[in-house]
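> File name my_file.pdb; file contents PDB, C-alpha atoms and all ligand atoms; full text below.
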```pdb
ATOM      1  CA  MET A 262     -13.396  -0.963  16.895  1.00  0.00           C
ATOM      2  CA  HIS A 263     -10.083   0.882  16.851  1.00  0.00           C
ATOM      3  CA  ILE A 264      -8.676   1.525  13.383  1.00  0.00           C
ATOM      4  CA  LEU A 265      -5.124   2.723  12.716  1.00  0.00           C
ATOM      5  CA  VAL A 266      -4.932   4.795   9.540  1.00  0.00           C
ATOM      6  CA  THR A 267      -1.594   5.186   7.785  1.00  0.00           C
ATOM      7  CA  ASN A 268      -0.156   5.603   4.287  1.00  0.00           C
ATOM      8  CA  ASP A 269       3.098   5.892   2.373  1.00  0.00           C
ATOM      9  CA  ASP A 270       2.527   9.322   0.835  1.00  0.00           C
ATOM     10  CA  GLY A 271       2.922  11.223   4.060  1.00  0.00           C
ATOM     11  CA  VAL A 272       0.637  12.718   6.649  1.00  0.00           C
ATOM     12  CA  ARG A 273      -0.232  15.684   4.387  1.00  0.00           C
ATOM     13  CA  ALA A 274      -1.451  13.521   1.497  1.00  0.00           C
ATOM     14  CA  PRO A 275      -5.068  14.036   0.391  1.00  0.00           C
ATOM     15  CA  GLY A 276      -5.616  10.266   0.147  1.00  0.00           C
ATOM     16  CA  LEU A 277      -4.870   9.858   3.872  1.00  0.00           C
ATOM     17  CA  LEU A 278      -7.407  12.531   4.792  1.00  0.00           C
ATOM     18  CA  ALA A 279     -10.024  10.863   2.570  1.00  0.00           C
ATOM     19  CA  LEU A 280      -9.371   7.453   4.160  1.00  0.00           C
ATOM     20  CA  ALA A 281      -9.384   8.822   7.725  1.00  0.00           C
ATOM     21  CA  GLN A 282     -12.725  10.546   7.088  1.00  0.00           C
ATOM     22  CA  ALA A 283     -14.171   7.365   5.559  1.00  0.00           C
ATOM     23  CA  MET A 284     -13.132   5.317   8.620  1.00  0.00           C
ATOM     24  CA  GLN A 285     -14.459   7.790  11.194  1.00  0.00           C
ATOM     25  CA  PRO A 286     -18.062   6.467  11.251  1.00  0.00           C
ATOM     26  CA  LEU A 287     -16.794   2.884  11.761  1.00  0.00           C
ATOM     27  CA  GLY A 288     -15.090   3.299  15.101  1.00  0.00           C
ATOM     28  CA  LYS A 289     -12.332   5.129  16.887  1.00  0.00           C
ATOM     29  CA  ILE A 290      -9.530   6.091  14.537  1.00  0.00           C
ATOM     30  CA  THR A 291      -5.892   6.870  15.203  1.00  0.00           C
ATOM     31  CA  VAL A 292      -3.750   8.344  12.437  1.00  0.00           C
ATOM     32  CA  LEU A 293      -0.003   7.696  12.446  1.00  0.00           C
ATOM     33  CA  ALA A 294       1.685   8.272   9.111  1.00  0.00           C
ATOM     34  CA  PRO A 295       5.133   9.136   7.769  1.00  0.00           C
ATOM     35  CA  ASP A 296       6.164  12.803   7.732  1.00  0.00           C
ATOM     36  CA  GLN A 297       7.300  12.480   4.120  1.00  0.00           C
ATOM     37  CA  ASN A 298       6.630  10.522   0.948  1.00  0.00           C
ATOM     38  CA  TRP A 299       7.840   6.894   1.051  1.00  0.00           C
ATOM     39  CA  THR A 300       6.219   5.754  -2.195  1.00  0.00           C
ATOM     40  CA  ALA A 301       7.973   2.608  -3.472  1.00  0.00           C
ATOM     41  CA  GLY A 302       9.891   2.510  -0.193  1.00  0.00           C
ATOM     42  CA  GLY A 303       9.161  -1.198   0.322  1.00  0.00           C
ATOM     43  CA  HIS A 304       9.055  -2.994   3.644  1.00  0.00           C
ATOM     44  CA  VAL A 305      11.332  -1.160   6.050  1.00  0.00           C
ATOM     45  CA  LYS A 306      12.378  -1.698   9.633  1.00  0.00           C
ATOM     46  CA  THR A 307      14.451   1.237  10.868  1.00  0.00           C
ATOM     47  CA  LEU A 308      17.004  -0.101  13.339  1.00  0.00           C
ATOM     48  CA  HIS A 309      19.990   2.224  13.103  1.00  0.00           C
ATOM     49  CA  ARG A 310      18.579   5.595  13.992  1.00  0.00           C
ATOM     50  CA  PRO A 311      16.062   6.893  16.485  1.00  0.00           C
ATOM     51  CA  LEU A 312      12.485   7.494  15.382  1.00  0.00           C
ATOM     52  CA  ARG A 313      10.533  10.593  16.363  1.00  0.00           C
ATOM     53  CA  VAL A 314       6.780  11.010  16.582  1.00  0.00           C
ATOM     54  CA  ARG A 315       5.063  14.396  16.638  1.00  0.00           C
ATOM     55  CA  GLN A 316       1.538  15.779  16.500  1.00  0.00           C
ATOM     56  CA  ALA A 317       0.489  16.652  12.950  1.00  0.00           C
ATOM     57  CA  PRO A 318      -3.291  17.257  12.782  1.00  0.00           C
ATOM     58  CA  LEU A 319      -4.976  16.669   9.429  1.00  0.00           C
ATOM     59  CA  GLU A 320      -6.426  19.508   7.368  1.00  0.00           C
ATOM     60  CA  ASP A 321      -9.908  18.933   8.860  1.00  0.00           C
ATOM     61  CA  GLY A 322      -8.568  19.097  12.417  1.00  0.00           C
ATOM     62  CA  THR A 323      -8.493  15.325  13.006  1.00  0.00           C
ATOM     63  CA  PRO A 324      -5.667  14.609  15.452  1.00  0.00           C
ATOM     64  CA  ALA A 325      -2.807  12.757  13.777  1.00  0.00           C
ATOM     65  CA  LEU A 326       0.718  11.655  14.541  1.00  0.00           C
ATOM     66  CA  ALA A 327       3.625  11.836  12.100  1.00  0.00           C
ATOM     67  CA  SER A 328       6.849   9.889  12.327  1.00  0.00           C
ATOM     68  CA  ASP A 329      10.126  10.145  10.443  1.00  0.00           C
ATOM     69  CA  GLY A 330      10.024   6.395   9.883  1.00  0.00           C
ATOM     70  CA  ALA A 331       8.723   4.395   6.933  1.00  0.00           C
ATOM     71  CA  PRO A 332       5.072   3.320   6.670  1.00  0.00           C
ATOM     72  CA  SER A 333       5.916  -0.069   8.185  1.00  0.00           C
ATOM     73  CA  ASP A 334       7.780   1.719  11.002  1.00  0.00           C
ATOM     74  CA  CYS A 335       4.644   3.786  11.670  1.00  0.00           C
ATOM     75  CA  VAL A 336       2.608   0.608  12.125  1.00  0.00           C
ATOM     76  CA  ALA A 337       5.307  -0.965  14.311  1.00  0.00           C
ATOM     77  CA  LEU A 338       5.542   2.180  16.452  1.00  0.00           C
ATOM     78  CA  ALA A 339       1.782   2.250  16.924  1.00  0.00           C
ATOM     79  CA  VAL A 340       1.497  -1.449  17.752  1.00  0.00           C
ATOM     80  CA  LEU A 341       4.536  -1.480  20.053  1.00  0.00           C
ATOM     81  CA  GLY A 342       3.097   1.166  22.308  1.00  0.00           C
ATOM     82  CA  VAL A 343       3.185   4.684  20.891  1.00  0.00           C
ATOM     83  CA  VAL A 344      -0.561   4.172  20.545  1.00  0.00           C
ATOM     84  CA  LYS A 345      -1.800   2.963  23.919  1.00  0.00           C
ATOM     85  CA  GLU A 346      -5.159   1.514  22.972  1.00  0.00           C
ATOM     86  CA  LYS A 347      -5.272  -1.938  21.297  1.00  0.00           C
ATOM     87  CA  ILE A 348      -5.556  -1.694  17.496  1.00  0.00           C
ATOM     88  CA  ASP A 349      -8.121  -3.942  15.778  1.00  0.00           C
ATOM     89  CA  LEU A 350      -7.463  -3.065  12.132  1.00  0.00           C
ATOM     90  CA  VAL A 351      -4.837  -1.188  10.112  1.00  0.00           C
ATOM     91  CA  VAL A 352      -5.856   0.556   6.899  1.00  0.00           C
ATOM     92  CA  SER A 353      -3.320   2.130   4.568  1.00  0.00           C
ATOM     93  CA  GLY A 354      -3.826   4.637   1.762  1.00  0.00           C
ATOM     94  CA  ILE A 355      -5.472   5.849  -0.208  1.00  0.00           C
ATOM     95  CA  ASN A 356      -2.457   5.666  -2.481  1.00  0.00           C
ATOM     96  CA  PRO A 357      -2.900   7.881  -5.549  1.00  0.00           C
ATOM     97  CA  ASN A 358      -1.694   5.152  -7.910  1.00  0.00           C
ATOM     98  CA  ALA A 359      -2.377   1.445  -8.342  1.00  0.00           C
ATOM     99  CA  ASN A 360      -0.473  -1.266  -6.485  1.00  0.00           C
ATOM    100  CA  MET A 361      -1.010  -4.346  -8.587  1.00  0.00           C
ATOM    101  CA  GLY A 362       1.067  -7.404  -9.436  1.00  0.00           C
ATOM    102  CA  HIS A 363       4.763  -6.960  -8.638  1.00  0.00           C
ATOM    103  CA  ASP A 364       4.076  -3.420  -7.359  1.00  0.00           C
ATOM    104  CA  ILE A 365       3.201  -5.065  -4.059  1.00  0.00           C
ATOM    105  CA  THR A 366       6.878  -5.748  -3.345  1.00  0.00           C
ATOM    106  CA  TYR A 367       7.765  -2.067  -3.753  1.00  0.00           C
ATOM    107  CA  SER A 368       4.680  -0.563  -2.227  1.00  0.00           C
ATOM    108  CA  GLY A 369       4.863   1.317   1.045  1.00  0.00           C
ATOM    109  CA  THR A 370       1.061   1.310   1.102  1.00  0.00           C
ATOM    110  CA  VAL A 371       0.890  -2.484   1.028  1.00  0.00           C
ATOM    111  CA  THR A 372       3.906  -3.084   3.282  1.00  0.00           C
ATOM    112  CA  ALA A 373       2.255  -0.991   6.003  1.00  0.00           C
ATOM    113  CA  ALA A 374      -0.644  -3.478   5.909  1.00  0.00           C
ATOM    114  CA  MET A 375       1.881  -6.344   5.877  1.00  0.00           C
ATOM    115  CA  GLU A 376       3.481  -4.980   9.032  1.00  0.00           C
ATOM    116  CA  ALA A 377       0.075  -5.105  10.701  1.00  0.00           C
ATOM    117  CA  VAL A 378      -0.376  -8.773   9.832  1.00  0.00           C
ATOM    118  CA  ILE A 379       3.089  -9.567  11.219  1.00  0.00           C
ATOM    119  CA  SER A 380       1.680  -8.282  14.523  1.00  0.00           C
ATOM    120  CA  ARG A 381      -1.460 -10.382  13.963  1.00  0.00           C
ATOM    121  CA  ILE A 382      -3.649  -7.391  13.222  1.00  0.00           C
ATOM    122  CA  PRO A 383      -5.602  -7.467   9.944  1.00  0.00           C
ATOM    123  CA  GLY A 384      -4.395  -4.985   7.334  1.00  0.00           C
ATOM    124  CA  ILE A 385      -6.076  -3.518   4.271  1.00  0.00           C
ATOM    125  CA  ALA A 386      -4.236  -1.438   1.651  1.00  0.00           C
ATOM    126  CA  PHE A 387      -6.210   0.909  -0.615  1.00  0.00           C
ATOM    127  CA  SER A 388      -4.892   2.278  -3.879  1.00  0.00           C
ATOM    128  CA  LEU A 389      -6.533   4.402  -6.544  1.00  0.00           C
ATOM    129  CA  ALA A 390      -5.668   3.318 -10.071  1.00  0.00           C
ATOM    130  CA  SER A 391      -5.441   6.875 -11.314  1.00  0.00           C
ATOM    131  CA  PRO A 392      -3.684   7.970 -14.449  1.00  0.00           C
ATOM    132  CA  GLY A 393      -2.426  11.170 -12.845  1.00  0.00           C
ATOM    133  CA  THR A 394       0.777  12.063 -11.118  1.00  0.00           C
ATOM    134  CA  ILE A 395      -0.497  14.986  -9.039  1.00  0.00           C
ATOM    135  CA  PRO A 396      -2.393  13.578  -6.024  1.00  0.00           C
ATOM    136  CA  GLU A 397      -3.728  17.027  -5.034  1.00  0.00           C
ATOM    137  CA  GLU A 398      -5.740  17.137  -8.271  1.00  0.00           C
ATOM    138  CA  LEU A 399      -7.384  13.728  -7.775  1.00  0.00           C
ATOM    139  CA  ASP A 400     -10.913  13.132  -6.459  1.00  0.00           C
ATOM    140  CA  PHE A 401     -10.524  10.544  -3.696  1.00  0.00           C
ATOM    141  CA  ALA A 402     -14.222  10.610  -2.724  1.00  0.00           C
ATOM    142  CA  PRO A 403     -15.428   7.601  -4.783  1.00  0.00           C
ATOM    143  CA  ALA A 404     -12.469   5.500  -3.581  1.00  0.00           C
ATOM    144  CA  ALA A 405     -13.075   6.574   0.021  1.00  0.00           C
ATOM    145  CA  GLU A 406     -16.702   5.432  -0.275  1.00  0.00           C
ATOM    146  CA  VAL A 407     -15.509   2.065  -1.575  1.00  0.00           C
ATOM    147  CA  ALA A 408     -12.970   1.809   1.252  1.00  0.00           C
ATOM    148  CA  GLN A 409     -15.724   2.394   3.798  1.00  0.00           C
ATOM    149  CA  ARG A 410     -17.938  -0.226   2.139  1.00  0.00           C
ATOM    150  CA  ILE A 411     -15.116  -2.787   2.129  1.00  0.00           C
ATOM    151  CA  VAL A 412     -14.170  -2.208   5.775  1.00  0.00           C
ATOM    152  CA  ARG A 413     -17.845  -2.424   6.779  1.00  0.00           C
ATOM    153  CA  ALA A 414     -18.093  -5.768   4.986  1.00  0.00           C
ATOM    154  CA  ALA A 415     -14.851  -7.011   6.567  1.00  0.00           C
ATOM    155  CA  LEU A 416     -16.160  -6.080  10.022  1.00  0.00           C
ATOM    156  CA  ALA A 417     -19.528  -7.728   9.339  1.00  0.00           C
ATOM    157  CA  ASN A 418     -17.890 -10.937   8.106  1.00  0.00           C
ATOM    158  CA  GLY A 419     -15.367 -11.079  10.952  1.00  0.00           C
ATOM    159  CA  LEU A 420     -11.812  -9.782  11.037  1.00  0.00           C
ATOM    160  CA  GLN A 421      -9.075 -12.410  11.047  1.00  0.00           C
ATOM    161  CA  PRO A 422      -5.628 -11.604  12.449  1.00  0.00           C
ATOM    162  CA  ASP A 423      -3.798 -12.839   9.343  1.00  0.00           C
ATOM    163  CA  MET A 424      -6.096 -11.133   6.838  1.00  0.00           C
ATOM    164  CA  LEU A 425      -4.140  -9.001   4.394  1.00  0.00           C
ATOM    165  CA  LEU A 426      -6.149  -7.404   1.607  1.00  0.00           C
ATOM    166  CA  ASN A 427      -4.842  -5.382  -1.299  1.00  0.00           C
ATOM    167  CA  VAL A 428      -7.563  -3.195  -2.771  1.00  0.00           C
ATOM    168  CA  ASN A 429      -7.261  -1.346  -6.068  1.00  0.00           C
ATOM    169  CA  ILE A 430     -10.006   1.036  -7.120  1.00  0.00           C
ATOM    170  CA  PRO A 431     -10.408   2.292 -10.691  1.00  0.00           C
ATOM    171  CA  TYR A 432     -10.355   6.069 -11.057  1.00  0.00           C
ATOM    172  CA  LEU A 433     -14.009   6.500 -11.983  1.00  0.00           C
ATOM    173  CA  PRO A 434     -17.012   8.387 -10.603  1.00  0.00           C
ATOM    174  CA  SER A 435     -19.044   6.264  -8.138  1.00  0.00           C
ATOM    175  CA  SER A 436     -21.841   5.791 -10.696  1.00  0.00           C
ATOM    176  CA  GLU A 437     -19.416   4.217 -13.171  1.00  0.00           C
ATOM    177  CA  LEU A 438     -17.600   1.921 -10.736  1.00  0.00           C
ATOM    178  CA  GLU A 439     -18.457  -1.700 -11.463  1.00  0.00           C
ATOM    179  CA  ASP A 440     -18.724  -4.449  -8.854  1.00  0.00           C
ATOM    180  CA  ILE A 441     -16.102  -5.753  -6.498  1.00  0.00           C
ATOM    181  CA  ARG A 442     -14.031  -8.645  -7.831  1.00  0.00           C
ATOM    182  CA  ILE A 443     -11.916 -10.963  -5.720  1.00  0.00           C
ATOM    183  CA  THR A 444      -8.691 -11.402  -7.659  1.00  0.00           C
ATOM    184  CA  ARG A 445      -5.172 -12.813  -7.744  1.00  0.00           C
ATOM    185  CA  GLN A 446      -2.046 -10.835  -8.563  1.00  0.00           C
ATOM    186  CA  GLY A 447      -1.574 -10.129 -12.244  1.00  0.00           C
ATOM    187  CA  LEU A 448       1.623  -9.610 -14.162  1.00  0.00           C
ATOM    188  CA  ARG A 449       2.992  -6.091 -14.182  1.00  0.00           C
ATOM    189  CA  VAL A 450       5.073  -4.958 -17.131  1.00  0.00           C
ATOM    190  CA  TYR A 451       7.605  -2.305 -16.172  1.00  0.00           C
ATOM    191  CA  ARG A 452       8.963   0.141 -18.697  1.00  0.00           C
ATOM    192  CA  ASP A 453      11.792   1.524 -16.588  1.00  0.00           C
ATOM    193  CA  LYS A 454      14.602   3.290 -18.391  1.00  0.00           C
ATOM    194  CA  LEU A 455      17.920   4.382 -17.001  1.00  0.00           C
ATOM    195  CA  ASP A 456      18.624   8.066 -17.460  1.00  0.00           C
ATOM    196  CA  GLU A 457      22.344   8.715 -17.051  1.00  0.00           C
ATOM    197  CA  ARG A 458      23.454  12.307 -16.579  1.00  0.00           C
ATOM    198  CA  LEU A 459      26.626  14.044 -15.526  1.00  0.00           C
ATOM    199  CA  ASP A 460      27.015  16.068 -12.364  1.00  0.00           C
ATOM    200  CA  PRO A 461      28.863  19.434 -12.418  1.00  0.00           C
ATOM    201  CA  ARG A 462      32.113  17.583 -11.730  1.00  0.00           C
ATOM    202  CA  GLY A 463      31.624  15.312 -14.729  1.00  0.00           C
ATOM    203  CA  ARG A 464      30.729  12.209 -12.739  1.00  0.00           C
ATOM    204  CA  PRO A 465      27.721  10.170 -13.867  1.00  0.00           C
ATOM    205  CA  TYR A 466      24.553   9.858 -11.841  1.00  0.00           C
ATOM    206  CA  TYR A 467      21.417   7.921 -12.590  1.00  0.00           C
ATOM    207  CA  TRP A 468      17.655   8.289 -12.479  1.00  0.00           C
ATOM    208  CA  ILE A 469      15.426   5.274 -12.861  1.00  0.00           C
ATOM    209  CA  GLY A 470      12.711   6.748 -15.069  1.00  0.00           C
ATOM    210  CA  GLY A 471      10.655   5.634 -18.021  1.00  0.00           C
ATOM    211  CA  ASP A 472       6.948   5.302 -18.609  1.00  0.00           C
ATOM    212  CA  TRP A 473       4.197   4.095 -16.251  1.00  0.00           C
ATOM    213  CA  PRO A 474       4.025   0.331 -15.973  1.00  0.00           C
ATOM    214  CA  THR A 475       1.400  -1.528 -17.928  1.00  0.00           C
ATOM    215  CA  GLY A 476       0.204  -5.047 -17.148  1.00  0.00           C
ATOM    216  CA  VAL A 477      -1.329  -8.186 -18.561  1.00  0.00           C
ATOM    217  CA  PRO A 478      -5.101  -7.845 -17.956  1.00  0.00           C
ATOM    218  CA  ASP A 479      -5.780 -11.566 -17.503  1.00  0.00           C
ATOM    219  CA  ASP A 480      -9.204 -12.645 -16.260  1.00  0.00           C
ATOM    220  CA  GLY A 481      -9.274 -13.105 -12.520  1.00  0.00           C
ATOM    221  CA  THR A 482      -6.366 -10.743 -11.859  1.00  0.00           C
ATOM    222  CA  ASP A 483      -6.149  -7.343 -10.182  1.00  0.00           C
ATOM    223  CA  ILE A 484      -4.992  -5.767 -13.434  1.00  0.00           C
ATOM    224  CA  GLY A 485      -7.835  -7.379 -15.395  1.00  0.00           C
ATOM    225  CA  ALA A 486     -10.500  -6.284 -12.908  1.00  0.00           C
ATOM    226  CA  VAL A 487      -9.351  -2.662 -12.746  1.00  0.00           C
ATOM    227  CA  GLU A 488      -9.148  -2.471 -16.524  1.00  0.00           C
ATOM    228  CA  GLU A 489     -12.834  -3.457 -16.628  1.00  0.00           C
ATOM    229  CA  GLY A 490     -13.766  -0.760 -14.122  1.00  0.00           C
ATOM    230  CA  CYS A 491     -14.131  -3.176 -11.199  1.00  0.00           C
ATOM    231  CA  VAL A 492     -12.801  -2.752  -7.682  1.00  0.00           C
ATOM    232  CA  SER A 493     -10.148  -5.424  -7.128  1.00  0.00           C
ATOM    233  CA  ILE A 494      -9.610  -7.123  -3.761  1.00  0.00           C
ATOM    234  CA  THR A 495      -6.619  -9.452  -3.674  1.00  0.00           C
ATOM    235  CA  PRO A 496      -6.100 -11.507  -0.514  1.00  0.00           C
ATOM    236  CA  LEU A 497      -2.360 -11.713   0.154  1.00  0.00           C
ATOM    237  CA  GLN A 498      -0.175 -13.776   2.443  1.00  0.00           C
ATOM    238  CA  LEU A 499       3.370 -13.234   3.620  1.00  0.00           C
ATOM    239  CA  ASP A 500       4.372 -16.839   2.927  1.00  0.00           C
ATOM    240  CA  LEU A 501       6.141 -16.377  -0.409  1.00  0.00           C
ATOM    241  CA  THR A 502       7.145 -20.056  -0.673  1.00  0.00           C
ATOM    242  CA  ASP A 503       7.029 -21.365  -4.224  1.00  0.00           C
ATOM    243  CA  ARG A 504       5.247 -24.605  -3.344  1.00  0.00           C
ATOM    244  CA  PRO A 505       5.487 -26.439  -6.682  1.00  0.00           C
ATOM    245  CA  ARG A 506       9.242 -25.790  -6.648  1.00  0.00           C
ATOM    246  CA  LEU A 507       9.625 -27.413  -3.234  1.00  0.00           C
ATOM    247  CA  GLU A 508       9.147 -30.867  -4.738  1.00  0.00           C
ATOM    248  CA  GLN A 509      11.281 -30.025  -7.760  1.00  0.00           C
ATOM    249  CA  LEU A 510      14.220 -28.859  -5.593  1.00  0.00           C
ATOM    250  CA  ARG A 511      13.855 -31.833  -3.281  1.00  0.00           C
ATOM    251  CA  GLY A 512      14.347 -34.050  -6.339  1.00  0.00           C
ATOM    252  CA  TRP A 513      17.641 -32.391  -7.358  1.00  0.00           C
ATOM    253  CA  ASP A 514      21.019 -33.961  -6.705  1.00  0.00           C
ATOM    254  CA  TRP A 515      22.658 -31.539  -4.259  1.00  0.00           C
ATOM    255  CA  SER A 516      25.885 -33.527  -3.765  1.00  0.00           C
TER     256      SER A 516
HETATM  257 MN    MN B 601       2.383   6.247  -2.415  1.00  0.00          MN
END
```
For the structure just supplied, provide its representation as structure tokens.

Amino acid sequence: MHILVTNDDGVRAPGLLALAQAMQPLGKITVLAPDQNWTAGGHVKTLHRPLRVRQAPLEDGTPALASDGAPSDCVALAVLGVVKEKIDLVVSGINPNANMGHDITYSGTVTAAMEAVISRIPGIAFSLASPGTIPEELDFAPAAEVAQRIVRAALANGLQPDMLLNVNIPYLPSSELEDIRITRQGLRVYRDKLDERLDPRGRPYYWIGGDWPTGVPDDGTDIGAVEEGCVSITPLQLDLTDRPRLEQLRGWDWS
């Protein structure tokens, strides 16, 4: 079992170290992660500049590679040959904040796992639904334990090349974490606000700020499960086709 470990927070992020350590007992691991933070960087394919890869060992001495590409570039680089040995599974994270509902479309953590599935390698994204903004102050240990448990179960049940799982783990001590729930995507509610300021030359510039998103905690959803203290596993697929609308559109007069 050869597991590629990546993330979107950068090779120095504490969540990556926690995930790499949790995967170590399960097989051979290779770490290839971005050299900087790509949070909310989405699904990227870098085509118009060269990509570099360098050695960047983790804090505990685990060998690791860092690239100046996006998380999805890191997976592509690894799969296309920077990593010589065949990769059986890609895990991404542990992101310090949740990736639920519409977050998935922004998430570098999840899009790294998506890139794996495009290459027919199963991908699992792990995110910690923490309230904090300073990853260095978070305890990733309970989430890392959960990640190990989930990967063990996935291995025991059989990896499938198109399996894309989005895992969100409540920020709770292990003893308070409830069961695993298999969920669908919930509805995120964003509270973005535009902050317009003036630069020293009097020209406007903009920050997209505002408060943390909330969500509708419906039963059966990722948001609902995490709100109840449960680990949420949402199986995803890259086919975004709106199937009910197929028939509707086919019935329209397009003349
Ligand atoms: Mn991130």
> Give the residues close to ligand MN 601 (chain B), within 7 Å, counting only C-alpha atoms and all ligand atoms; write them as a PyMOL selection string.
chain A and resi 269-270+298-301+356-358+369-370
> If you apply the PyMOL selection byres (((chain A and resi 330) around 8) and not hetatm) to this file, what residues do you get, as a list in words?
Pro295, Asp296, Thr307, Leu312, Arg313, Ser328, Asp329, Ala331, Pro332, Ser333, Asp334 and Cys335 of chain A
> Quick one: axis-aligned box around all listed atoms of range 502-508 of chain A, 6 Å on every side, centre and edge lengths in Å to one decimal, written as JSON.

```
{"center_x": 7.4, "center_y": -25.5, "center_z": -3.7, "size_x": 16.4, "size_y": 22.8, "size_z": 18.0}
```
> Closest to Asn360 in chain A among A:Gly342, A:Gly393, A:Gly512, A:Gly447, using only C-alpha atoms?
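Selected residue with least distance to Asn360 in chain A: A:Gly447.
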> Counting only C-alpha atoms, write as a PyMOL selection string all protein and nucleic acid residues lying at most 9 Å from (-3.7, 13.3, 13.8) in the file's frame.
chain A and resi 272+291-294+316-319+322-327
> Leaving out range 283-286 of chain A and any residue of its chain fewer than 6 positions from it, which residues lie within 8 Å of it when counting all atoms listed in the file, given as a VMD selection string?
chain A and resid 264 405 to 406 408 to 409
> I need the output of the PyMOL selection byres (((chain A and resi 443) around 12) and not hetatm) for this file as a VMD selection string; which residues are they?
chain A and resid 411 426 to 429 440 to 442 444 to 446 480 to 487 491 to 497
> Given the choices A:Ala417, A:Ile430, A:Leu425, A:Leu338, which gets closest to Pro311 in chain A if the distance is worked out from all atoms listed in the file?
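Ranking A:Ala417, A:Ile430, A:Leu425, A:Leu338 by distance to Pro311 in chain A, first place goes to A:Leu338.
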